[in-house]
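Source file model22.tsv; content: TSV, C-alpha atoms.
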```tsv
chain	number	residue	atom	x	y	z
A	1	THR	CA	0.00	0.00	0.00
A	2	PRO	CA	1.53	3.35	-0.99
A	3	ALA	CA	2.29	5.71	1.83
A	4	ALA	CA	0.26	8.86	2.22
A	5	GLY	CA	1.88	11.83	0.52
A	6	GLY	CA	2.20	15.47	1.42
A	7	CYS	CA	3.83	15.01	4.88
A	8	SER	CA	7.33	16.24	5.62
A	9	GLY	CA	9.63	13.51	6.80
A	10	SER	CA	12.38	13.74	9.38
A	11	GLY	CA	15.30	13.91	6.98
A	12	SER	CA	18.73	15.15	7.84
A	13	GLY	CA	18.80	18.12	5.49
A	14	SER	CA	20.71	21.30	6.21
A	15	GLY	CA	19.37	23.37	9.05
A	16	VAL	CA	20.09	25.74	11.86
A	17	GLU	CA	21.26	24.36	15.19
A	18	GLN	CA	19.18	25.46	18.14
A	19	PRO	CA	19.63	24.72	21.82
A	20	GLY	CA	16.90	22.31	22.93
A	21	GLY	CA	15.56	21.40	26.37
A	22	ASP	CA	16.98	22.10	29.78
A	23	ALA	CA	20.11	20.08	29.02
A	24	GLY	CA	21.09	22.52	26.31
A	25	VAL	CA	21.50	19.80	23.71
A	26	LEU	CA	21.89	21.19	20.23
A	27	GLN	CA	19.06	19.96	17.98
A	28	ARG	CA	19.02	20.30	14.23
A	29	GLN	CA	15.93	22.01	12.86
A	30	PRO	CA	14.99	21.48	9.20
A	31	SER	CA	15.36	24.54	7.02
A	32	ALA	CA	12.46	25.95	4.99
A	33	SER	CA	14.05	24.74	1.75
A	34	SER	CA	14.44	21.17	2.99
A	35	SER	CA	10.83	21.14	4.24
A	36	ARG	CA	9.62	22.29	0.82
A	37	ARG	CA	11.76	19.66	-0.87
A	38	GLU	CA	10.36	16.91	1.36
A	39	SER	CA	6.82	18.18	0.75
A	40	ARG	CA	7.35	18.05	-3.02
A	41	GLN	CA	8.72	14.53	-2.73
A	42	GLY	CA	5.67	13.52	-0.71
A	43	ASP	CA	3.37	15.09	-3.31
A	44	ASP	CA	5.19	13.25	-6.10
A	45	ALA	CA	4.79	9.97	-4.21
A	46	ALA	CA	1.06	10.65	-3.75
A	47	HIS	CA	0.62	11.33	-7.47
A	48	ALA	CA	2.53	8.16	-8.35
A	49	ALA	CA	0.40	6.09	-5.99
A	50	PHE	CA	-2.83	7.51	-7.40
A	51	LEU	CA	-1.73	6.89	-11.01
A	52	GLU	CA	-0.66	3.36	-10.14
A	53	ALA	CA	-4.25	2.67	-9.14
A	54	TYR	CA	-5.82	4.69	-11.98
A	55	PRO	CA	-3.23	5.22	-14.74
A	56	ASP	CA	-5.81	6.66	-17.15
A	57	ALA	CA	-7.30	9.18	-14.72
A	58	PRO	CA	-7.42	12.73	-16.14
A	59	ARG	CA	-4.78	14.98	-14.63
A	60	GLU	CA	-7.35	17.38	-13.20
A	61	ASP	CA	-9.08	14.49	-11.43
A	62	VAL	CA	-5.80	13.35	-9.92
A	63	GLU	CA	-5.01	16.85	-8.66
A	64	LYS	CA	-8.47	17.63	-7.29
A	65	PHE	CA	-9.00	14.34	-5.49
A	66	LEU	CA	-5.53	14.41	-3.94
A	67	VAL	CA	-5.99	17.98	-2.74
A	68	ALA	CA	-9.43	17.10	-1.38
A	69	ARG	CA	-7.81	14.39	0.75
A	70	LYS	CA	-4.77	16.47	1.72
A	71	MET	CA	-2.42	14.44	-0.50
A	72	ASN	CA	-3.35	11.20	1.27
A	73	ALA	CA	-3.13	8.83	-1.70
A	74	PRO	CA	-5.08	5.86	-0.28
A	75	ALA	CA	-7.92	8.15	0.83
A	76	ALA	CA	-7.95	9.96	-2.53
A	77	VAL	CA	-8.00	6.67	-4.46
A	78	SER	CA	-10.86	5.37	-2.33
A	79	MET	CA	-12.79	8.62	-2.85
A	80	TYR	CA	-12.16	8.46	-6.61
A	81	ALA	CA	-13.37	4.85	-6.79
A	82	ARG	CA	-16.66	5.82	-5.17
A	83	CYS	CA	-16.98	8.82	-7.48
A	84	LEU	CA	-16.47	6.67	-10.59
A	85	GLU	CA	-19.22	4.38	-9.38
A	86	TRP	CA	-21.47	7.41	-8.86
A	87	ARG	CA	-20.62	8.77	-12.33
A	88	ALA	CA	-21.38	5.46	-14.00
A	89	ARG	CA	-24.66	5.21	-12.11
A	90	THR	CA	-25.71	8.86	-12.57
A	91	LEU	CA	-24.10	10.49	-15.62
A	92	PRO	CA	-25.10	11.53	-18.14
A	93	VAL	CA	-28.30	12.63	-16.44
A	94	GLN	CA	-31.36	11.88	-18.52
A	95	LEU	CA	-33.74	14.79	-19.09
A	96	SER	CA	-36.73	12.67	-18.09
A	97	ALA	CA	-35.16	12.14	-14.66
A	98	VAL	CA	-35.04	15.87	-13.84
A	99	GLU	CA	-37.83	17.32	-15.97
A	100	SER	CA	-40.19	18.06	-13.08
A	101	ALA	CA	-37.48	19.90	-11.14
A	102	LEU	CA	-36.35	21.72	-14.29
A	103	GLN	CA	-39.81	23.11	-14.85
A	104	THR	CA	-39.79	24.80	-11.44
A	105	GLY	CA	-36.95	27.08	-12.58
A	106	THR	CA	-35.19	26.51	-9.26
A	107	ILE	CA	-31.71	25.89	-10.70
A	108	MET	CA	-30.22	27.79	-13.61
A	109	LEU	CA	-26.77	27.76	-15.23
A	110	ARG	CA	-25.91	31.36	-16.03
A	111	GLY	CA	-22.76	33.16	-17.15
A	112	TRP	CA	-19.71	33.85	-15.03
A	113	ALA	CA	-18.81	35.16	-11.61
A	114	LYS	CA	-16.20	37.89	-11.35
A	115	ASP	CA	-13.47	35.39	-10.44
A	116	GLY	CA	-14.02	33.54	-13.73
A	117	SER	CA	-15.96	30.61	-12.28
A	118	ARG	CA	-19.16	29.43	-13.94
A	119	LEU	CA	-22.26	30.78	-12.22
A	120	VAL	CA	-25.08	28.54	-11.04
A	121	VAL	CA	-28.18	30.28	-9.65
A	122	PHE	CA	-30.41	28.53	-7.14
A	123	ARG	CA	-33.72	30.25	-6.44
A	124	GLY	CA	-34.72	28.68	-3.16
A	125	SER	CA	-38.13	30.34	-3.21
A	126	LEU	CA	-39.14	28.10	-6.14
A	127	TYR	CA	-38.04	24.87	-4.47
A	128	ASP	CA	-41.18	22.78	-4.16
A	129	VAL	CA	-41.24	19.14	-3.04
A	130	ALA	CA	-44.84	18.95	-4.27
A	131	ALA	CA	-43.54	19.48	-7.83
A	132	ALA	CA	-40.48	17.22	-7.65
A	133	GLU	CA	-38.90	14.96	-5.08
A	134	ARG	CA	-35.89	16.08	-3.08
A	135	GLU	CA	-33.62	13.58	-4.85
A	136	GLU	CA	-34.62	15.01	-8.22
A	137	TYR	CA	-33.41	18.48	-7.23
A	138	VAL	CA	-30.07	16.99	-6.16
A	139	LEU	CA	-29.86	15.20	-9.50
A	140	LEU	CA	-30.73	18.44	-11.29
A	141	ALA	CA	-27.85	20.18	-9.51
A	142	ALA	CA	-25.52	17.40	-10.70
A	143	TYR	CA	-26.91	17.88	-14.21
A	144	ALA	CA	-26.14	21.61	-14.09
A	145	LEU	CA	-22.62	21.12	-12.74
A	146	ASP	CA	-21.83	18.36	-15.23
A	147	ASN	CA	-22.99	20.67	-18.03
A	148	ALA	CA	-20.82	23.48	-16.65
A	149	ILE	CA	-17.74	21.24	-16.65
A	150	ARG	CA	-18.43	19.96	-20.16
A	151	LEU	CA	-18.73	23.60	-21.25
A	152	GLY	CA	-15.17	24.13	-20.07
A	153	ALA	CA	-15.65	25.38	-16.52
A	154	ASP	CA	-13.00	24.33	-14.03
A	155	ARG	CA	-14.79	25.82	-11.02
A	156	PHE	CA	-18.23	27.19	-10.28
A	157	SER	CA	-19.88	29.65	-7.94
A	158	ILE	CA	-23.36	28.95	-6.63
A	159	LEU	CA	-25.60	31.94	-5.95
A	160	VAL	CA	-28.44	30.97	-3.62
A	161	TYR	CA	-31.39	33.34	-3.31
A	162	VAL	CA	-33.43	32.72	-0.16
A	163	GLY	CA	-35.69	35.77	-0.31
A	164	GLY	CA	-39.37	35.61	-1.17
A	165	ILE	CA	-40.84	35.61	-4.68
A	166	PRO	CA	-44.53	36.56	-5.07
A	167	GLY	CA	-46.62	33.52	-5.97
A	168	ALA	CA	-43.77	31.05	-5.34
A	169	PRO	CA	-43.92	28.26	-2.75
A	170	ASN	CA	-41.41	30.13	-0.55
A	171	ALA	CA	-40.94	27.01	1.57
A	172	PRO	CA	-38.60	27.01	4.57
A	173	PRO	CA	-35.10	25.55	4.05
A	174	ASP	CA	-35.06	21.78	3.57
A	175	LEU	CA	-32.14	20.55	5.68
A	176	LYS	CA	-32.28	17.05	4.19
A	177	PHE	CA	-31.91	18.55	0.71
A	178	ILE	CA	-29.00	20.72	1.89
A	179	ALA	CA	-27.28	17.66	3.37
A	180	ALA	CA	-27.79	15.57	0.23
A	181	LEU	CA	-26.61	18.39	-2.04
A	182	ALA	CA	-23.53	19.07	0.11
A	183	SER	CA	-22.63	15.38	0.06
A	184	THR	CA	-22.97	15.19	-3.72
A	185	LEU	CA	-20.82	18.27	-4.23
A	186	SER	CA	-18.02	17.32	-1.86
A	187	ASN	CA	-17.83	13.65	-2.88
A	188	ASN	CA	-18.16	13.98	-6.65
A	189	PHE	CA	-17.10	17.52	-7.54
A	190	PRO	CA	-14.13	18.10	-5.19
A	191	GLU	CA	-12.20	21.36	-5.42
A	192	ARG	CA	-14.76	22.74	-7.89
A	193	LEU	CA	-16.60	25.17	-5.63
A	194	ALA	CA	-15.24	28.71	-5.74
A	195	LYS	CA	-17.98	30.40	-3.72
A	196	LEU	CA	-21.38	29.54	-2.29
A	197	ILE	CA	-23.13	32.89	-1.84
A	198	ILE	CA	-26.40	32.94	0.11
A	199	TYR	CA	-28.54	36.10	0.20
A	200	PRO	CA	-30.49	37.87	1.61
A	201	PHE	CA	-29.53	35.93	4.71
A	202	PRO	CA	-31.75	36.84	7.70
A	203	TRP	CA	-30.42	37.10	11.23
A	204	TRP	CA	-32.60	34.20	12.36
A	205	GLY	CA	-31.10	32.04	9.62
A	206	ARG	CA	-27.97	31.59	11.71
A	207	ALA	CA	-29.69	28.85	13.70
A	208	ILE	CA	-30.55	27.01	10.47
A	209	TRP	CA	-27.02	27.50	9.16
A	210	ASN	CA	-25.49	26.16	12.37
A	211	THR	CA	-27.53	23.00	11.84
A	212	ALA	CA	-26.88	22.72	8.10
A	213	LYS	CA	-23.13	23.35	8.18
A	214	VAL	CA	-22.43	20.12	10.05
A	215	PHE	CA	-23.20	18.35	6.75
A	216	ILE	CA	-20.56	20.40	4.91
A	217	ASP	CA	-16.83	19.70	5.05
A	218	PRO	CA	-14.69	22.45	6.66
A	219	LYS	CA	-12.99	23.49	3.40
A	220	THR	CA	-16.34	24.00	1.68
A	221	ARG	CA	-17.62	25.93	4.69
A	222	GLY	CA	-14.73	28.32	4.16
A	223	ASN	CA	-16.11	29.15	0.70
A	224	VAL	CA	-19.58	30.04	2.00
A	225	VAL	CA	-20.53	33.73	2.02
A	226	LEU	CA	-23.64	34.80	3.96
A	227	LEU	CA	-24.94	38.23	2.96
A	228	PRO	CA	-27.81	40.06	4.71
A	229	THR	CA	-28.67	42.12	1.59
A	230	PHE	CA	-28.10	42.05	-2.16
A	231	ASP	CA	-25.51	44.85	-1.99
A	232	GLY	CA	-22.62	42.56	-1.10
A	233	VAL	CA	-23.34	40.23	-4.03
A	234	HIS	CA	-21.81	42.76	-6.44
A	235	GLU	CA	-18.38	41.96	-5.05
A	236	PHE	CA	-18.67	38.46	-6.51
A	237	VAL	CA	-21.20	38.62	-9.36
A	238	SER	CA	-22.22	41.41	-11.75
A	239	ALA	CA	-25.87	42.41	-11.67
A	240	ASP	CA	-26.27	41.66	-15.38
A	241	GLU	CA	-25.50	37.99	-14.68
A	242	ILE	CA	-28.37	37.72	-12.18
A	243	PRO	CA	-32.05	37.45	-13.18
A	244	VAL	CA	-34.44	40.26	-12.36
A	245	GLY	CA	-36.65	39.45	-9.44
A	246	ILE	CA	-33.77	38.30	-7.28
A	247	GLY	CA	-31.76	41.51	-7.39
A	248	GLY	CA	-30.17	41.42	-10.85
A	249	THR	CA	-30.81	43.14	-14.16
A	250	ASP	CA	-30.78	40.20	-16.59
A	251	ARG	CA	-34.22	39.90	-18.18
A	252	GLY	CA	-33.31	37.04	-20.46
A	253	GLU	CA	-35.13	33.76	-19.95
A	254	LEU	CA	-33.51	30.40	-20.56
A	255	ASP	CA	-35.12	27.47	-22.27
A	256	PRO	CA	-36.31	25.45	-19.25
A	257	TYR	CA	-35.07	22.27	-20.89
A	258	ARG	CA	-31.46	23.43	-21.22
A	259	LEU	CA	-29.23	24.62	-18.42
A	260	ASP	CA	-26.43	25.96	-20.60
A	261	PRO	CA	-26.30	29.72	-21.38
A	262	PRO	CA	-27.77	30.94	-24.72
A	263	GLY	CA	-25.40	30.38	-27.64
A	264	ALA	CA	-23.28	27.77	-25.85
A	265	GLU	CA	-22.46	24.59	-27.73
A	266	LEU	CA	-22.79	21.74	-25.27
A	267	PRO	CA	-20.65	18.71	-26.20
A	268	ALA	CA	-22.41	15.39	-26.49
A	269	ALA	CA	-22.37	13.51	-23.22
A	270	GLU	CA	-20.26	10.40	-23.07
A	271	SER	CA	-21.28	7.42	-21.01
A	272	GLN	CA	-18.89	6.81	-18.14
A	273	ALA	CA	-18.01	3.30	-17.02
A	274	ALA	CA	-16.79	2.68	-13.53
A	275	ALA	CA	-13.36	1.16	-13.19
A	276	PRO	CA	-13.06	-1.63	-10.65
A	277	ALA	CA	-12.02	-0.29	-7.27
A	278	PRO	CA	-8.38	-1.16	-6.54
A	279	ASP	CA	-7.42	-2.91	-3.36
A	280	VAL	CA	-5.97	0.11	-1.55
A	281	ALA	CA	-6.14	0.46	2.21
A	282	GLY	CA	-7.12	3.63	3.98
A	283	ASP	CA	-9.89	6.13	3.55
```

So, in terms of structure tokens, how does the structure I just supplied come out?
Amino acid sequence: TPAAGGCSGSGSGSGVEQPGGDAGVLQRQPSASSSRRESRQGDDAAHAAFLEAYPDAPREDVEKFLVARKMNAPAAVSMYARCLEWRARTLPVQLSAVESALQTGTIMLRGWAKDGSRLVVFRGSLYDVAAAEREEYVLLAAYALDNAIRLGADRFSILVYVGGIPGAPNAPPDLKFIAALASTLSNNFPERLAKLIIYPFPWWGRAIWNTAKVFIDPKTRGNVVLLPTFDGVHEFVSADEIPVGIGGTDRGELDPYRLDPPGAELPAAESQAAAPAPDVAGD
């Protein structure tokens, strides 16, 4: 079993001698350059271990899954094996499987955030479990993100509107949906989330957030931005990328049966077969 990468070893590289302990024994401390060298060596070992298990894995998959598991090769390989099984079982998403959720207009793939990430808009006010089951909304989100990646996006920002819309269901937050969505994102789209922007976030929503965030890994939590009003959204997304009615100026309507922006040429989806999971210890 390959050793986990990314950890500095206790080599004998050059360093600065420092007195240590009460006995005044001189101890050799590793220099910054030797620590960086050992870290690179560990990273190289992690990449080699991953590619030994999956030699045909795309480079971006190797990088993202290793980073997601802090360069721990066995854990990254195990995570990748589960993701391949999910991809084979789920992708490409069939339109018939998400049509009811699509028609609600809850999730839309728009243009770009200011940092260059693809923008996905989630209008929480339109979320309606009477129109589509919770699992279908999660599948719809996967459909949108898969489309974004096939359109060339490396990362995406998700803009979540939780304000009211006249005539919409305006249901309270569904914590089970949030948990399922967070799990799908972190397990199958690692290192893809640039920002998750939630607005207008009410003061009483903190209690809901404190409950929901336990389902989200710490790194993803660090990319969450909670804004009390629309004003702060402009720092991340231009108003002309956001539909009217939720604070933006874009009056264009998308075909409800396509999540890609107007004029985009979406490549044909390829079926994805799961590779057998290698016998690698660790998780």

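Distance-wise, atom CA of Lys64 of chain A and atom CA of Ala153 of chain A end up 14.0 Å apart.
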
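Restricting the calculation to only C-alpha atoms, the smallest distance between Glu60 of chain A and any of A:Val162, A:Ile216, A:Ile149, A:Leu227 is found for A:Ile149.
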
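Nearest to Ala212 of chain A of all the residues A:Ser183, A:Gln94, A:Thr106, A:Gln41 is A:Ser183, based on all atoms listed in the file.
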
Counting only C-alpha atoms, find residues at most 12 Å from (-29.4, 23.9, -2.9) (file frame) and give them as a ChimeraX atom specification. /A:106-108,120-128,134-142,144,158-162,173-185,196-198,212

Expressed in Å to a single decimal, how great is the separation between atom CA of Gln103 of chain A and atom CA of Pro169 of chain A? 13.8 Å

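The shortest atom-to-atom distance to Asp61 of chain A, with only C-alpha atoms taken into account, belongs to A:Met79 out of A:Met79, A:Gly205, A:Gly152, A:Gly167.
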
Can you pull out every residue within 12 Å of Gly232 of chain A, counting only C-alpha atoms, but drop anything in the same chain fewer than 2 positions away, and send it as a ChimeraX atom specification? /A:197-201,225-230,234-239,247
